Structure formats: C-alpha cells, structure tokens
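To start, the structure under review is shown below, and the notes come after it.
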Amino acid sequence: MIVTGAAPVDVLVEPAAPPARPARWRWGRLRHEWTWISLGAVALSVLVTWPTMRHPTRTIPGDTGDPTMQAWQMAWSGHALRTDPTSLWQANAFHPEPTSFAFTDTLLGYAPAGLIGTGPVAALLRYNIIFVLAFALAFVGAYALVRQLGAGRVGAAVAGAGFAYAPWRLAQVGHLQVLSTGGIALALAMLARGHGWSLRHGYRPERARPGWAVGGWCVAAWQLSLGFGIGVPFGYALALAALVAVAGWLWRRPPLPRRLLLADGAGLAVFLAVAAFMARPYLLVAEQFPYVRRSWEDLRVSSPPLRGFFTSPNTSILWGDLSAGARAALGHRGETSLLPGFLLYGLAALGLVLSIWTLRQRLLLAAGVVASIVLAMGTEGPAGGRYTYGLVYVLPGFDGIRTPGRLVIWTTLLLAILAAGAVTALATRARPVRVMALLLPLLVVAEGVNTTGHPPVPAPPPAIATAPAPFLVLPSGATIDGIPMLWATDRFPEMVNGAGAFTTPRQVAIREATVRFPDEDSVALLRATGVRSVVVVRTAVVGTPYESTLSATTDGLPVRRVDTPEAVVYLLDPA
C-alpha cells in the first residue's frame with residue numbers, strides 16, 4: 001500500500017519468479033551414476049535379448065506356449081482393473097471353472113502395463129517390452145544392492161551382470177515370473193539403505209532413511225504379486241533377515257529412530273496386505289483341486305543333481321555345446337540346467353581370498369551359496385533331501401512350488417556379492433589390474449549371450465472375434481492353449497481353453513471327448529458345460545487328433561456348421 005497526500009493506493013506486486021536452475025544442475029542430473037546405470041541396463045538388455053525388439057508385435061521369445069499365456073495374463077489383469085476389478089480372479093479362460101486366474105502365477109504386478117492397449121497385438125508388444133525390462137531391472141537391482149553393501153562401481157556392474165544374465169536364465173525364457181527377480185535385489189537394496197546398513201560399515205543410525213525403508217517394503221510387495229513360486233522363498237528370506245536384525249539389535253541395543261520403526265510398521269503392513277490378497281484365491285483353488293499341492297514324489301521330476309549347477313542350457317553360445325553331454329544326462333532339462341556362470345564361480349572363489357568384505361562375511365556368504373545349492377537340489381540333496389529341502393517343504397506355501405531348482409536365484413545373488421567384493425578389491429590395485437577389472441562385467445555378460453528363438457505368433461482367425469461365447473478353440477492342449485487365450489484379448493469372451501500350472505478334470509474330459517467332435521457324446525458334454533460354439537482352426541488341427549473335425553458332418557445333431565477360409569465354426573443349440 002502506498003500512502004500519498006490523497007487516499008491510500010493499493011499496488012499489487014508480482015512475486016519474484018524462482019531462479020532458474022542452472023544448466024550445470026540439469027547436466028549433473030544426466031551425468032548421475034543412476035541415470036547412466038538405468039539407461040545402460042536397458043540398452044544392454046535390448047542387445048542381449050535381441051531380436052526380441054525387432055518384431056515385437058509379431059514374435060515372442062522362447063516359444064508360443066507359456067509366453068503367449070503370460071501375455072494374456074497381463075492383458076486380462078489390465079482389462080479387469082479397467083472394467084470390473086471385482087472380477088479379477090474370475091478370468092475368461094478355463095470356462096466354467098471359478099477363480100481361474102489363480103491357476104498359476106499371475107504376474108499381477110504388471111497389471112498397470114495391461115491398462116495400455118487392447119487386443120493381441122498390444123498384448124504381444126506389452127509382453128516383449130516387459131521381457132526386456134525384466135533383465136534390465138535384475139541388473140539395476142543387483143547393482144544397487146551391491147553398491148549399498150559397500151562395493152565399487154565395477155564390482156557392482158559385475159554383480160548386476162552376473163545376476164541378470166546368468167546362463168540358467170536362458171532355460172527360463174518362457175517363464176517371465178522366474179526372470180522377473182529384479183525386485184528381490186532392489187527391495188533388499190532399498191531396505192538396507194532405509195535402515196542405514198551396509199555390509200562394509202554395519203548399522204549407522206544417522207544414515208537411516210525411513211522413506212527408503214517404506215519403498216523397500218512396497219517393492220517387496222510388488223515382487224510378491226508377480227507370483228508365489230519366487231515370492232514365497234523371498235518372503236521367508238525377508239523374515240529370516242528381520243529375525244537376524246532383531247537379534248543383532250537385542251545384542252547391541254543401538255539407537256533406533258522412531259520414524260524408522262513407524263516406516264517399518266507401515267511397509268510391513270503393505271507387504272502383509274498384498275500377501276493376504278494374493279493368498280486367498282490360491283487357497284480356494286487348493287481346496288477345490290487338492291492335487292495342486294506338490295507331493296514329495298512330484299518334486300523328484302524337477303529336482304536337479306549337483307552337476308546341474310555346472311550345466312548350461314543349450315541356447316548358451318559359450319557353453320551350450322560344451323554342456324551337451326552333461327545336459328543329456330539330466331532329467332527335466334529346462335529346470336535342471338542351472339549354471340550361474342563359470343566366470344561368476346571363479347570370481348566368487350577369488351572373493352574368498354581377496355575381497356573388501358571381512359573374512360567372517362566371506363565365510364557367511366560362501367555358506368549361503370552352499371546352503372542355497374543344497375536346498376535347490378530338492379530331493380537330490382543329501383539323504384534324499386529329507387533334512388535339507390525337506391525342512392522348508394513343511395513351511396506354508398512351499399508345497400505349491402514344483403521346482404526347487406529355482407532357488408538358484410539366491411545362489412546367483414550370493415555369488416554375485418562375493419564376486420563384487422573381489423572385483424572391488426582388484427579395482428584398487430595397480431593400473432594394469434584395474435584395466436583388466438573393467439573388462440570383467442562384459443565377460444560376465446558374455447556368458448548370457450544366447451541363441452534363443454523368437455517364433456512368430458499366428459494371427460487370430462476372424463471367427464474368434466464373432467464366435468458366440470462361451471466357446472472352445474480346437475486344437476486344445478496344455479502347451480498350446482496360450483495362443484487362443486492371446487487371441488481372445490480383444491473382447492475377452494468366456495472360453496474353455498486355458499493353460500496353467502495344472503489341468504482340471506473337466507478340461508481333461510473335454511479334450512479327450514472333442515477328439516471325436518462332433519459326435520453325440522462330445523456335443524452333449526459341451527452343451528452341458530454351456531459351450532455355444534466350437535472354432536476349429538484349419539491350419540492348426542492338421543496332423544493332430546482333431547483333424548477329423550474339419551470334414552465332420554452334423555446330421556441329426558443340435559449343431560450347425562459354418563465354414564470360413566481360416567476356420568470351421570460349429571454353433572451349438574442351447575441345452
């Protein structure tokens with residue numbers, strides 16, 4: 001207000017604009033370690049998984065079995081969240097079974113990606129992008145964890161490369177839930193940072209960051225939502241880490257910030273809420289189909305012997321041919337070829353002698369490696385695994401895991417930490433040694449270079465978009481139903497087809513009966529199930545038991561046949 005000889009006059013003064021951030025600040029952000037690591041991890045993942053991103057709307061890595069089913073999973077979860085979240089667990093596949101979305105690991109954590117785009121093309125593109133990013137997140141997560149523990153950049157890069165591109169992952173390219181383990185390492189890194197703890201310096205309460213602790217619990221909850229096969233052991237690992245932390249606190253009684261306790265309480269509540277939300281439908285499925293619980297005898301098929309941890313999958317360029325003899329002697333090769341990497345083994349062994357970690361820490365890490373291998377051997381462990389994997393098999397959730405060998409995830413992470421300690425120590429030596437150490441991350445990545453196939457995914461016949469639902473697509477089978485599931489992602493009609501961790505008795509009966517379709521018995525069974533149409537894909541049934549359906553007649557049956565260039569559609573009268 002300005003006062004003159006006349007009346008006072010109000011003057012509006014514009015607030016000063018905040019000073020512009022200097023260009024140096026913006027450039028500093030771009031040059032930040034985490035910017036380069038994140039961008040580099042994505043670029044490296046695109047390169048190592050090539051040609052995944054060459055034709056991401058037409059091909060899929062690995063095969064057209066599980067990957068197409070998992071592309072459907074992400075599409076379904078996004079569709080359910082967008083249209084009716086209460087129907088999430090009542091998927092359109094496996095008609096008329098209830099709670100069918102819980103027939104296998106759901107990848108529910110990727111549901112936000114499923115909100116973008118509709119139809120098979122979008123589902124394929126979404127899957128391929130997530131597939132590439134899963135490797136990148138594994139690299140970043142392990143890098144972040146090892147940096148937080150106290151290793152240098154080169155050592156952390158070795159750990160990231162070893163964890164993300166271990167040769168055993170090549171046998172799991174069709175199992176996105178197994179490849180999606182970056183959240184494990186990242187959650188541990190964030191929890192360690194939030195609690196001001198590192199392997200090199202121990203607990204420093206002045207460095208505690210409660211926000212990071214909450215974030216770590218949330219990332220852990222997200223990891224759990226991707227699937228219980230990997231999430232259950234992770235949950236128990238978190239519980240074990242918490243018990244050790246509590247025991248350490250009771251022993252030394254260091255100061256514990258109140259805000260950190262509140263952060264842990266809030267974060268743990270989120271984690272437990274997600275666990276409860278995820279567990280309920282699986283418990284319902286286990287009640288309906290008790291055989292989904294894996295018996296001790298079931299585990300024998302996929303339990304790897306010790307030599308499996310030194311055997312590479314056949315798609316490894318470096319070790320595939322050299323491991324051919326050992327691989328031929330294994331049973332379930334996809335689950336028993338579990339090589340973490342010979343170079344990673346070597347660097348971890350060096351880490352027992354030369355390392356930035358203390359001798360006690362090295363011995364504990366080595367003991368963890370041995371213990372994780374013995375547990376991962378399942379029924380192949382000492383004394384038939386009764387006193388090794390058998391001790392964790394009795395814990396809730398483990399009887400739903402069919403592949404003990406996937407515990408190699410923990411073997412790889414512990415080896416990576418040991419190796420990072422050695423490489424960090426090497427990086428402080430004379431210049432020639434430092435230069436050699438800089439090459440080690442690339443050499444570790446080289447063990448993950450592969451010849452993974454990228455088959456084209458068949459385009460859906462137009463009849464899929466118009467056939468009355470519920471319908472059945474022939475041919476049908478546990479390893480091929482992912483394709484019709486993917487085809488149905490444009491309108492998500494109810495369908496009998498479905499691929500999961502197990503096959504329901506009703507599915508078995510329908511598949512066996514429809515080999516003779518359209519005869520009186522198969523038509524009666526389908527009508528009783530509520531099926532309104534059967535779509536026979538011409539090119540797909542050739543050479544299968546269903547081929548006779550192409551030329552079958554419907555005389556005297558409550559069925560009408562419609563021929564199209566790509567498919568034969570049988571319309572069933574309502575029962």
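Residues are named by chain letter and number: chains run A, B, ... in the order of the structure tokens, numbers start at 1 in each chain, and ligands are numbered from 1 in the order shown.
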
Would you pick out the contacts of stretch 125-142 of chain A at 6 Å or less, using only C-alpha atoms, so that residues sharing its chain but fewer than 3 positions from it are not included, and give the list as JSON, numbers by chain? {"A": [41, 42, 45, 56, 57, 71, 122, 145, 160, 161, 164, 180, 182, 185, 186]}

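Every protein or nucleic acid residue with an atom no more than 7 Å from stretch 280-295 of chain A, counting only C-alpha atoms and leaving out same-chain residues fewer than 6 positions away, appears here: Thr99, Ala102, Asp399, Gly400, Ile401, Arg402 and Phe502 of chain A.
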
Selection to disk with C-alpha atoms, as a PDB file, in the first residue's frame:
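File produced: part38.pdb:
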ATOM      1  CA  THR A  99     -11.141 -68.411  -9.570  1.00  0.00           C
ATOM      2  CA  ALA A 102      -5.186 -68.240  -9.797  1.00  0.00           C
ATOM      3  CA  ASP A 399       4.025 -77.352  -1.142  1.00  0.00           C
ATOM      4  CA  GLY A 400       2.773 -75.257  -4.058  1.00  0.00           C
ATOM      5  CA  ILE A 401       6.255 -74.914  -5.608  1.00  0.00           C
ATOM      6  CA  ARG A 402       7.035 -77.612  -8.162  1.00  0.00           C
ATOM      7  CA  PHE A 502      -2.277 -77.813 -13.748  1.00  0.00           C
TER       8      PHE A 502
END

Best match for closeness to A:Ala463 among A:Ala276, A:Leu240, A:Ile483, A:Val568, counting only C-alpha atoms: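 Under the stated criterion, the closest residue is A:Val568.
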
For A:Gly556, which residue out of A:Val523, A:Ala513, A:Val392, A:Leu44 is the nearest one, using only C-alpha atoms?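 Of A:Val523, A:Ala513, A:Val392, A:Leu44, the one nearest A:Gly556, counting only C-alpha atoms, is A:Val523.
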
Using only C-alpha atoms: which of A:Ser225, A:Ser548, A:Thr489, A:Thr424 has the shortest distance to A:Trp76: A:Thr489

Quick one: of A:Asn450, A:Ser303, A:Gln148, A:Thr479, who's nearest to A:Leu407, counting only C-alpha atoms?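 With only C-alpha atoms as the atom set, the closest residue is A:Ser303.
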
For stretch 228-232 of chain A, please output as a list in words all residues within 8 Å (counting only C-alpha atoms; exclusion window: fewer than 4 positions along the same chain).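 Those residues are Asp105, Gln177, Val178, Thr181, Gln223, Leu224, Tyr236, Gly397, Phe398, Gly400, Ile401 and Arg406 of chain A.
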
Written file, previous selection with all heavy atoms, as an mmCIF file, in the first residue's frame:
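Saved the output as out-v3.cif:
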data_model
loop_
_atom_site.group_PDB
_atom_site.id
_atom_site.type_symbol
_atom_site.label_atom_id
_atom_site.label_comp_id
_atom_site.auth_asym_id
_atom_site.auth_seq_id
_atom_site.Cartn_x
_atom_site.Cartn_y
_atom_site.Cartn_z
ATOM 1 N N ASP A 105 0.951 -68.721 -11.446
ATOM 2 C CA ASP A 105 1.431 -67.383 -11.069
ATOM 3 C C ASP A 105 0.858 -66.353 -12.026
ATOM 4 O O ASP A 105 0.847 -66.551 -13.251
ATOM 5 C CB ASP A 105 2.960 -67.343 -11.113
ATOM 6 C CG ASP A 105 3.584 -68.037 -9.909
ATOM 7 O OD1 ASP A 105 2.914 -68.140 -8.877
ATOM 8 O OD2 ASP A 105 4.750 -68.465 -10.012
ATOM 9 N N GLN A 177 7.792 -65.023 -14.925
ATOM 10 C CA GLN A 177 7.759 -64.863 -13.472
ATOM 11 C C GLN A 177 9.087 -65.252 -12.838
ATOM 12 O O GLN A 177 9.438 -64.751 -11.761
ATOM 13 C CB GLN A 177 6.601 -65.674 -12.869
ATOM 14 C CG GLN A 177 6.851 -67.168 -12.708
ATOM 15 C CD GLN A 177 6.613 -67.954 -13.985
ATOM 16 O OE1 GLN A 177 6.575 -67.403 -15.071
ATOM 17 N NE2 GLN A 177 6.416 -69.270 -13.845
ATOM 18 N N VAL A 178 9.850 -66.131 -13.474
ATOM 19 C CA VAL A 178 11.160 -66.520 -12.955
ATOM 20 C C VAL A 178 12.211 -65.492 -13.361
ATOM 21 O O VAL A 178 13.147 -65.209 -12.601
ATOM 22 C CB VAL A 178 11.551 -67.921 -13.467
ATOM 23 C CG1 VAL A 178 12.913 -68.342 -12.919
ATOM 24 C CG2 VAL A 178 10.491 -68.940 -13.071
ATOM 25 N N THR A 181 13.030 -61.149 -11.333
ATOM 26 C CA THR A 181 13.562 -61.230 -9.974
ATOM 27 C C THR A 181 14.301 -59.961 -9.567
ATOM 28 O O THR A 181 14.876 -59.908 -8.482
ATOM 29 C CB THR A 181 14.514 -62.431 -9.845
ATOM 30 O OG1 THR A 181 15.526 -62.326 -10.849
ATOM 31 C CG2 THR A 181 13.771 -63.737 -10.033
ATOM 32 N N GLN A 223 7.063 -57.436 -5.853
ATOM 33 C CA GLN A 223 7.714 -58.672 -6.277
ATOM 34 C C GLN A 223 6.850 -59.883 -5.921
ATOM 35 O O GLN A 223 6.690 -60.799 -6.734
ATOM 36 C CB GLN A 223 9.083 -58.794 -5.610
ATOM 37 C CG GLN A 223 9.818 -60.093 -5.913
ATOM 38 C CD GLN A 223 10.277 -60.198 -7.342
ATOM 39 O OE1 GLN A 223 10.953 -59.311 -7.864
ATOM 40 N NE2 GLN A 223 9.895 -61.272 -8.010
ATOM 41 N N LEU A 224 6.277 -59.877 -4.745
ATOM 42 C CA LEU A 224 5.410 -60.976 -4.325
ATOM 43 C C LEU A 224 4.206 -61.108 -5.237
ATOM 44 O O LEU A 224 3.753 -62.221 -5.535
ATOM 45 C CB LEU A 224 4.960 -60.756 -2.881
ATOM 46 C CG LEU A 224 4.116 -61.874 -2.248
ATOM 47 C CD1 LEU A 224 4.948 -63.142 -2.080
ATOM 48 C CD2 LEU A 224 3.561 -61.422 -0.907
ATOM 49 N N TYR A 236 10.089 -65.664 3.020
ATOM 50 C CA TYR A 236 10.788 -66.296 4.138
ATOM 51 C C TYR A 236 12.195 -65.727 4.303
ATOM 52 O O TYR A 236 12.705 -65.629 5.434
ATOM 53 C CB TYR A 236 10.835 -67.808 3.939
ATOM 54 C CG TYR A 236 9.528 -68.483 4.292
ATOM 55 C CD1 TYR A 236 8.716 -69.031 3.301
ATOM 56 C CD2 TYR A 236 9.111 -68.568 5.605
ATOM 57 C CE1 TYR A 236 7.509 -69.643 3.622
ATOM 58 C CE2 TYR A 236 7.904 -69.176 5.942
ATOM 59 C CZ TYR A 236 7.105 -69.714 4.940
ATOM 60 O OH TYR A 236 5.910 -70.316 5.265
ATOM 61 N N GLY A 397 3.157 -72.750 2.000
ATOM 62 C CA GLY A 397 3.443 -72.191 0.679
ATOM 63 C C GLY A 397 4.402 -73.012 -0.147
ATOM 64 O O GLY A 397 4.313 -73.033 -1.381
ATOM 65 N N PHE A 398 5.330 -73.714 0.492
ATOM 66 C CA PHE A 398 6.329 -74.467 -0.262
ATOM 67 C C PHE A 398 5.739 -75.686 -0.960
ATOM 68 O O PHE A 398 6.303 -76.154 -1.955
ATOM 69 C CB PHE A 398 7.484 -74.892 0.651
ATOM 70 C CG PHE A 398 8.592 -73.881 0.718
ATOM 71 C CD1 PHE A 398 8.595 -72.913 1.700
ATOM 72 C CD2 PHE A 398 9.621 -73.894 -0.206
ATOM 73 C CE1 PHE A 398 9.607 -71.970 1.771
ATOM 74 C CE2 PHE A 398 10.631 -72.953 -0.154
ATOM 75 C CZ PHE A 398 10.632 -71.982 0.838
ATOM 76 N N GLY A 400 3.305 -75.687 -2.765
ATOM 77 C CA GLY A 400 2.773 -75.257 -4.058
ATOM 78 C C GLY A 400 3.860 -75.000 -5.082
ATOM 79 O O GLY A 400 3.563 -74.627 -6.223
ATOM 80 N N ILE A 401 5.121 -75.179 -4.711
ATOM 81 C CA ILE A 401 6.255 -74.914 -5.608
ATOM 82 C C ILE A 401 6.716 -76.239 -6.210
ATOM 83 O O ILE A 401 7.084 -77.166 -5.475
ATOM 84 C CB ILE A 401 7.408 -74.237 -4.839
ATOM 85 C CG1 ILE A 401 6.930 -72.901 -4.257
ATOM 86 C CG2 ILE A 401 8.611 -74.038 -5.740
ATOM 87 C CD1 ILE A 401 7.965 -72.215 -3.380
ATOM 88 N N ARG A 406 14.678 -73.521 -8.716
ATOM 89 C CA ARG A 406 14.602 -72.075 -8.919
ATOM 90 C C ARG A 406 15.176 -71.290 -7.745
ATOM 91 O O ARG A 406 15.329 -70.064 -7.838
ATOM 92 C CB ARG A 406 13.157 -71.666 -9.201
ATOM 93 C CG ARG A 406 12.687 -72.171 -10.562
ATOM 94 C CD ARG A 406 11.245 -71.862 -10.856
ATOM 95 N NE ARG A 406 10.851 -72.417 -12.152
ATOM 96 C CZ ARG A 406 9.611 -72.372 -12.644
ATOM 97 N NH1 ARG A 406 8.644 -71.802 -11.946
ATOM 98 N NH2 ARG A 406 9.339 -72.903 -13.826
#

Write out as a ChimeraX atom specification all residues of stretch 261-328 of chain A that DSSP puts in helix (DSSP H, G or I) for this structure's backbone. /A:261-288,290-292,298-301,306-310,324-328

Counting only C-alpha atoms, the residue of A:Val433, A:Ala348, A:Leu572, A:Ala383 that sits nearest A:Gly421: A:Ala348

For A:Ala329, please output as a PDB file with N, CA and C atoms, in the first residue's frame all residues within 12 Å (counting only C-alpha atoms; exclusion window: fewer than 6 positions along the same chain).
ATOM      1  N   PRO A 304      17.198 -80.881  -9.343  1.00  0.00           N
ATOM      2  CA  PRO A 304      18.463 -81.037 -10.078  1.00  0.00           C
ATOM      3  C   PRO A 304      19.544 -81.704  -9.234  1.00  0.00           C
ATOM      4  N   PRO A 305      20.361 -82.546  -9.848  1.00  0.00           N
ATOM      5  CA  PRO A 305      21.543 -83.051  -9.144  1.00  0.00           C
ATOM      6  C   PRO A 305      22.607 -81.957  -9.081  1.00  0.00           C
ATOM      7  N   ARG A 307      25.488 -81.730 -10.439  1.00  0.00           N
ATOM      8  CA  ARG A 307      26.089 -81.389 -11.731  1.00  0.00           C
ATOM      9  C   ARG A 307      25.225 -80.412 -12.527  1.00  0.00           C
ATOM     10  N   GLY A 308      23.933 -80.313 -12.173  1.00  0.00           N
ATOM     11  CA  GLY A 308      23.075 -79.357 -12.863  1.00  0.00           C
ATOM     12  C   GLY A 308      23.518 -77.925 -12.675  1.00  0.00           C
ATOM     13  N   THR A 311      25.936 -77.082 -15.434  1.00  0.00           N
ATOM     14  CA  THR A 311      25.451 -77.431 -16.764  1.00  0.00           C
ATOM     15  C   THR A 311      24.669 -76.274 -17.348  1.00  0.00           C
ATOM     16  N   SER A 323      28.232 -78.307 -22.915  1.00  0.00           N
ATOM     17  CA  SER A 323      27.445 -78.940 -21.855  1.00  0.00           C
ATOM     18  C   SER A 323      26.492 -80.002 -22.390  1.00  0.00           C
ATOM     19  N   THR A 336      16.724 -78.116 -14.692  1.00  0.00           N
ATOM     20  CA  THR A 336      17.898 -78.686 -14.030  1.00  0.00           C
ATOM     21  C   THR A 336      19.214 -78.225 -14.643  1.00  0.00           C
ATOM     22  N   SER A 337      19.169 -77.417 -15.713  1.00  0.00           N
ATOM     23  CA  SER A 337      20.387 -76.812 -16.268  1.00  0.00           C
ATOM     24  C   SER A 337      20.555 -75.455 -15.608  1.00  0.00           C
TER      25      SER A 337
END

Please provide as a JSON list (two decimals) with N, CA and C atoms, in the first residue's frame all residues within 10 Å of A:Val559, with the sequence filter that same-chain residues fewer than 5 positions apart are discarded (counting only C-alpha atoms).
[["chain", "number", "residue", "atom", "x", "y", "z"],
["A", 518, "PRO", "N", -17.66, -83.70, -34.15],
["A", 518, "PRO", "CA", -18.89, -83.58, -33.36],
["A", 518, "PRO", "C", -19.68, -84.89, -33.33],
["A", 523, "VAL", "N", -20.78, -83.52, -28.16],
["A", 523, "VAL", "CA", -21.74, -82.42, -28.25],
["A", 523, "VAL", "C", -22.54, -82.30, -26.96],
["A", 532, "ARG", "N", -21.28, -72.65, -26.47],
["A", 532, "ARG", "CA", -22.20, -72.26, -27.55],
["A", 532, "ARG", "C", -21.59, -72.42, -28.93],
["A", 533, "SER", "N", -20.24, -72.48, -29.01],
["A", 533, "SER", "CA", -19.63, -72.66, -30.32],
["A", 533, "SER", "C", -18.26, -73.30, -30.18],
["A", 534, "VAL", "N", -17.83, -73.95, -31.26],
["A", 534, "VAL", "CA", -16.51, -74.55, -31.33],
["A", 534, "VAL", "C", -15.83, -74.02, -32.58],
["A", 553, "THR", "N", -19.57, -84.23, -40.32],
["A", 553, "THR", "CA", -20.94, -83.77, -40.59],
["A", 553, "THR", "C", -21.70, -83.64, -39.28],
["A", 554, "THR", "N", -22.79, -82.90, -39.33],
["A", 554, "THR", "CA", -23.58, -82.66, -38.11],
["A", 554, "THR", "C", -24.99, -83.21, -38.24],
["A", 569, "VAL", "N", -16.56, -73.19, -37.93],
["A", 569, "VAL", "CA", -17.25, -72.83, -36.70],
["A", 569, "VAL", "C", -18.49, -73.70, -36.55],
["A", 570, "TYR", "N", -18.58, -74.39, -35.43],
["A", 570, "TYR", "CA", -19.75, -75.20, -35.11],
["A", 570, "TYR", "C", -20.58, -74.46, -34.06],
["A", 571, "LEU", "N", -21.83, -74.16, -34.41],
["A", 571, "LEU", "CA", -22.73, -73.46, -33.50],
["A", 571, "LEU", "C", -23.63, -74.47, -32.81],
["A", 572, "LEU", "N", -23.61, -74.51, -31.50],
["A", 572, "LEU", "CA", -24.35, -75.48, -30.71],
["A", 572, "LEU", "C", -25.65, -74.87, -30.21],
["A", 573, "ASP", "N", -26.74, -75.63, -30.36],
["A", 573, "ASP", "CA", -28.01, -75.18, -29.79],
["A", 573, "ASP", "C", -27.92, -75.21, -28.27],
["A", 574, "PRO", "N", -28.57, -74.28, -27.59],
["A", 574, "PRO", "CA", -28.54, -74.30, -26.12],
["A", 574, "PRO", "C", -29.14, -75.59, -25.58]]

Rounded to one decimal in Å, what is the spacing between atom CA of A:Ala437 and atom CA of A:Val370? 26.0 Å

As an exercise, work out the distance from atom CA of A:Asp63 to atom CA of A:Ala326 in Å and give it to one decimal place.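 If I compute the distance from atom CA of A:Asp63 to atom CA of A:Ala326, I get 23.6 Å.
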
Using only C-alpha atoms, what does the table of stretch 421-513 of chain A residues within 12 Å of stretch 356-365 of chain A look like, with each row giving the shortest atom pair and its distance in Å to one decimal, sorted by chain and ascending number, as a Markdown table?
| residue | atom | partner | partner_atom | distance |
| --- | --- | --- | --- | --- |
| A:Gly421 | CA | A:Ile356 | CA | 5.1 |
| A:Ala422 | CA | A:Ile356 | CA | 6.8 |
| A:Val423 | CA | A:Ile356 | CA | 8.9 |
| A:Thr424 | CA | A:Ile356 | CA | 6.8 |
| A:Ala425 | CA | A:Ile356 | CA | 5.7 |
| A:Leu426 | CA | A:Ile356 | CA | 9.4 |
| A:Ala427 | CA | A:Ile356 | CA | 10.7 |
| A:Thr428 | CA | A:Ile356 | CA | 10.1 |

Who sits within 12 Å of A:Pro455, only C-alpha atoms, same chain under 3 positions skipped, as a ChimeraX atom specification: /A:51-52,55-65,67-68,452,458

Prev. selection, N, CA, C and O atoms, output as a JSON list (two decimals), in the first residue's frame:
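The new file part-v4.json reads:
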[["chain", "number", "residue", "atom", "x", "y", "z"],
["A", 51, "PRO", "N", 16.77, -60.88, -30.98],
["A", 51, "PRO", "CA", 15.94, -59.88, -31.66],
["A", 51, "PRO", "C", 14.53, -59.70, -31.07],
["A", 51, "PRO", "O", 13.58, -59.57, -31.83],
["A", 52, "THR", "N", 14.40, -59.70, -29.77],
["A", 52, "THR", "CA", 13.07, -59.54, -29.18],
["A", 52, "THR", "C", 12.38, -58.28, -29.67],
["A", 52, "THR", "O", 11.18, -58.28, -29.98],
["A", 55, "HIS", "N", 10.74, -57.44, -34.03],
["A", 55, "HIS", "CA", 9.34, -57.52, -34.46],
["A", 55, "HIS", "C", 8.48, -57.78, -33.22],
["A", 55, "HIS", "O", 7.89, -58.86, -33.08],
["A", 56, "PRO", "N", 8.40, -56.83, -32.32],
["A", 56, "PRO", "CA", 7.74, -57.09, -31.03],
["A", 56, "PRO", "C", 6.23, -57.28, -31.11],
["A", 56, "PRO", "O", 5.62, -57.71, -30.12],
["A", 57, "THR", "N", 5.61, -57.00, -32.25],
["A", 57, "THR", "CA", 4.17, -57.20, -32.38],
["A", 57, "THR", "C", 3.83, -58.48, -33.13],
["A", 57, "THR", "O", 2.65, -58.79, -33.31],
["A", 58, "ARG", "N", 4.88, -59.23, -33.54],
["A", 58, "ARG", "CA", 4.61, -60.45, -34.32],
["A", 58, "ARG", "C", 5.30, -61.69, -33.77],
["A", 58, "ARG", "O", 4.86, -62.80, -34.03],
["A", 59, "THR", "N", 6.39, -61.52, -33.01],
["A", 59, "THR", "CA", 7.14, -62.67, -32.49],
["A", 59, "THR", "C", 7.18, -62.63, -30.97],
["A", 59, "THR", "O", 6.85, -61.61, -30.35],
["A", 60, "ILE", "N", 7.61, -63.76, -30.41],
["A", 60, "ILE", "CA", 7.68, -63.85, -28.95],
["A", 60, "ILE", "C", 8.90, -64.70, -28.59],
["A", 60, "ILE", "O", 9.22, -65.66, -29.30],
["A", 61, "PRO", "N", 9.65, -64.34, -27.55],
["A", 61, "PRO", "CA", 10.87, -65.09, -27.23],
["A", 61, "PRO", "C", 10.57, -66.46, -26.62],
["A", 61, "PRO", "O", 9.63, -66.62, -25.85],
["A", 62, "GLY", "N", 11.41, -67.42, -26.99],
["A", 62, "GLY", "CA", 11.28, -68.76, -26.43],
["A", 62, "GLY", "C", 10.43, -69.66, -27.28],
["A", 62, "GLY", "O", 10.91, -70.35, -28.17],
["A", 63, "ASP", "N", 9.14, -69.68, -27.01],
["A", 63, "ASP", "CA", 8.20, -70.49, -27.77],
["A", 63, "ASP", "C", 6.82, -69.87, -27.64],
["A", 63, "ASP", "O", 6.66, -68.84, -26.97],
["A", 64, "THR", "N", 5.84, -70.49, -28.27],
["A", 64, "THR", "CA", 4.48, -69.93, -28.24],
["A", 64, "THR", "C", 3.62, -70.62, -27.19],
["A", 64, "THR", "O", 2.39, -70.54, -27.25],
["A", 65, "GLY", "N", 4.24, -71.27, -26.21],
["A", 65, "GLY", "CA", 3.49, -71.92, -25.14],
["A", 65, "GLY", "C", 3.21, -70.99, -23.98],
["A", 65, "GLY", "O", 2.29, -70.16, -24.03],
["A", 67, "PRO", "N", 4.78, -68.27, -22.93],
["A", 67, "PRO", "CA", 4.82, -66.82, -23.17],
["A", 67, "PRO", "C", 3.51, -66.24, -23.67],
["A", 67, "PRO", "O", 3.11, -65.14, -23.27],
["A", 68, "THR", "N", 2.79, -66.93, -24.56],
["A", 68, "THR", "CA", 1.52, -66.40, -25.03],
["A", 68, "THR", "C", 0.49, -66.37, -23.89],
["A", 68, "THR", "O", -0.31, -65.45, -23.79],
["A", 452, "THR", "N", 18.43, -67.83, -28.33],
["A", 452, "THR", "CA", 17.01, -68.06, -28.06],
["A", 452, "THR", "C", 16.17, -67.77, -29.30],
["A", 452, "THR", "O", 16.34, -66.73, -29.95],
["A", 458, "PRO", "N", 0.88, -66.94, -34.48],
["A", 458, "PRO", "CA", -0.16, -66.94, -35.51],
["A", 458, "PRO", "C", -1.20, -65.85, -35.27],
["A", 458, "PRO", "O", -1.57, -65.56, -34.12]]

Between atom CA of A:Arg560 and atom CA of A:Gly530, what is the spacing in Å? 16.0 Å

For A:Arg193, find every residue with an atom within 7 Å (counting only C-alpha atoms), except residues of its own chain fewer than 3 positions away, and show them as a PyMOL selection string. chain A and resi 148+189-190+196-197+208-209+212

I'd like to know which of A:Ser316, A:Trp296, A:Leu418, A:Arg207 is closest to A:Arg386, using only C-alpha atoms.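 Closest to A:Arg386 of all the choices is A:Trp296.
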